[in-house]
Amino acid sequence: MASTADKKPEVFVRKASGLIRTAGTLDVLAYNINFTSIGLLLLFLFLFGPAFYPGASLPWSAVICTLLILPLAMVYGYLASAMPRSGGDYVYVSRVLGPALGMMSNWNMTMWWFFYGGVPSAFLARYGLAPFFRTMGIYTGNTTLTSVGNWFTTKAGTFILGTCLIILLIVVFAIGTKTYFKIQNILILFAVASTVLTVAVFVGKVPLDSIHAFNVHMRAVSGKAVPSAYVAQSAKAAGYTGLSHFSMYWTLLVMTWVYLNLSFMSSSAYIGSEVKDARRLQLWSMPATLFIVGGGVLVSVLVIDHAVGYNFLAQLGWADPSGLGFNSAPTFTELASFMANNIVIAFLILFGFIFWSYAWLPGQLLNGSRNIFAYAIDGLLPSWFKQVNNKTYTPINALMTMGAASIVALGIYVFTSLFATLVGIFGFILSFLLISLSAALLPYRLPDVFETSAVNQRIGRVPLITIIGIASFIAQAFMAWVFLRDPSAGLRGHPGMIVFNVVVFLSGLVVYYIAKFVQRSRGVDVALSFKQVPEE
């Protein structure tokens with residue numbers, strides 16, 4: 001009989017956290033694809049790429065960015081398989097590099113999800129409902145519908161709709177994640193259909209076709225005989241100088257808009273305790289999400305760029321939309337609906353896109369609540385945050401906290417100029433660097449976890465996850481440089497915003513040491529919680 005000394009140390013604590021594994025293969029894939037939102041990615045790429053990144057190649061940008069994110073997707077997949085618990089990098093970094101760094105990494109994520117809670121909730125009105133009602137108004141000749149669409153782009157319309165959306169999602173999550181996954185899996189079908197139809201109507205078309213369709217449908221609402229001529233004149237007056245030669249520099253910088261979406265293919269890592277067969281499913285679902293969305297982006301960009309033309313897309317980005325009777329620039333989905341020249345297809349394109357427009361938000365709310373839940377389990381936040389409803393198996397208190405913070409963030413985003421879409425992604429990259437380092441060191445810091453996992457492969461004597469972690473660290477460092485150079489990211493020439501990103505990143509250390517001091521005064525050593533992977 002083996003002696004006690006011969007036994008391997010216990011790796012996993014098998015206590016019940018109160019969460020249950022309800023997410024299957026389709027649920028996880030849809031959840032990750034939602035958080036990357038191919039629709040929003042394309043919208044931003046077409047809205048800002050041709051206009052403000054002269055000479056950038058959108059197809060090459062999509063390919064390069066996908067390849068740069070691949071090591072990060074594998075890092076998350078490997079770590080989520082080895083330690084399938086809720087909280088994502090909070091678990092990985094705290095168990096590999098130590099609790100203080102784990103809290104710093106993940107608190108940073110949670111804080112940015114607080115801030116970003118206001119962004120996709122605003123997008124519902126601006127990029128989802130506004131184009132839908134504007135276009136339906138154009139097709140039916142109903143100016144009231146067009147006016148309603150324009151109202152959604154106002155500050156009041158954006159804030160009211162965004163607040164309602166946040167409250168609705170919190171209620172759905174409180175009922176249970178199983179209910180949410182059922183709704184998600186239905187709605188994503190409409191979203192995917194929207195993208196497929198959008199690409200389909202542009203296949204085989206050239207810019208002359210797109211401009212003709214634009215003129216036909218925009219003539220009445222704009223009051224212009226040739227709306228495209230107004231767009232060209234307005235863009236020139238605003239400073240647009242025309243097409244530029246290919247530039248690798250701008251091709252790299254426009255990756256910020258691709259990275260904004262693709263880098264969050266790992267959403268399911270943060271609900272690990274609710275994923276069925278997590279060791280297998282998490283391992284491949286994140287790289288699969290990256291290739292599904294990255295491939296979809298590449299095909300869409302190639303087709304739409306050829307059909308609409310880089311020059312016209314750039315002009316739309318520069319032109320004053322008020323001269324077209326709009327409060328905001330026409331989106332690529334509106335161009336697709338004009339090209340369709342069919343109200344049913346136009347309806348399906350724009351209705352389906354509504355479910356892409358806010359697709360970041362569910363993941364931010366759910367993942368942030370699971371992070372808060374994980375802190376409470378380890379004694380870093382009050383136990384109130386780890387209370388789980390006995391009927392719905394959801395941490396409602398943590399969910400309500402995320403919801404309230406997101407509504408505040410929505411108000412800041414809509415009514416002030418303090419926050420722009422790209423400014424916080426540099427902060428996420430700081431955490432990605434630590435996560436990549438954790439993956440590289442996992443076999444050496446937690447050999448029991450590594451050896452008993454499905455990711456214990458080696459190339460020679462070197463663990464494969466170590467090689468992937470190093471590659472991810474280098475790729476993320478390069479992306480940090482890209483964000484620091486891109487004028488649209490809000491960091492270049494704004495040292496205060498860089499400092500803010502760093503302060504948010506470091507704030508988790510303060511939270512950790514305050515919690516440690518408070519718990520020590522009660523006779524509790526929180527460091528003991530990090531000796532094992534947290535409860536399932």
# chains A, B, ... in the order shown; residues from 1 in each chain; ligands from 1

$ select_by_dssp --residues "range 131-283 of chain A" --states "alpha helix (DSSP H)" --output "PyMOL selection string"
chain A and resi 131-140+143-152+155-175+177-202+207-222+227-238+248-253+255-262+278-283

$ closest_atom_pairs --of "range 103-139 of chain A" --to "range 408-418 of chain A" --cutoff "8 Å" --atoms "only C-alpha atoms" --output "CSV"
residue,atom,partner,partner_atom,distance
A:Phe114,CA,A:Ala409,CA,6.7
A:Phe115,CA,A:Ala409,CA,5.2
A:Tyr116,CA,A:Ala409,CA,6.9
A:Gly117,CA,A:Ala409,CA,6.2
A:Gly118,CA,A:Leu410,CA,3.4
A:Val119,CA,A:Leu410,CA,6.4
A:Ser121,CA,A:Leu410,CA,7.1
A:Ala122,CA,A:Leu410,CA,6.8

$ closest_residue --among "A:Pro59, A:Gly77, A:Gly325, A:Gly424" --to "Val299 in chain A" --atoms "only C-alpha atoms"
A:Pro59

$ closest_residue --among "A:Cys164, A:Met255, A:Leu316, A:Ala420" --to "Tyr230 in chain A" --atoms "only C-alpha atoms"
A:Leu316

$ residues_around --residues "range 83-85 of chain A" --least-positions-apart "2" --cutoff "9 Å" --atoms "only C-alpha atoms" --output "JSON, numbers by chain"
{"A": [12, 78, 79, 80, 81, 87, 88, 91, 92, 269, 270, 271, 272, 273, 274, 275, 278, 279, 282, 449, 453, 533, 534, 535, 536]}

$ closest_residue --among "A:Gly204, A:Gly309, A:Glu334, A:Phe44" --to "Phe133 in chain A" --atoms "only C-alpha atoms"
A:Glu334

$ closest_residue --among "A:Phe190, A:Phe517, A:Trp481, A:Trp384" --to "Trp356 in chain A" --atoms "only C-alpha atoms"
A:Phe190

$ closest_residue --among "A:Arg95, A:Arg126, A:Lys224, A:Arg445" --to "Leu43 in chain A" --atoms "only C-alpha atoms"
A:Arg126
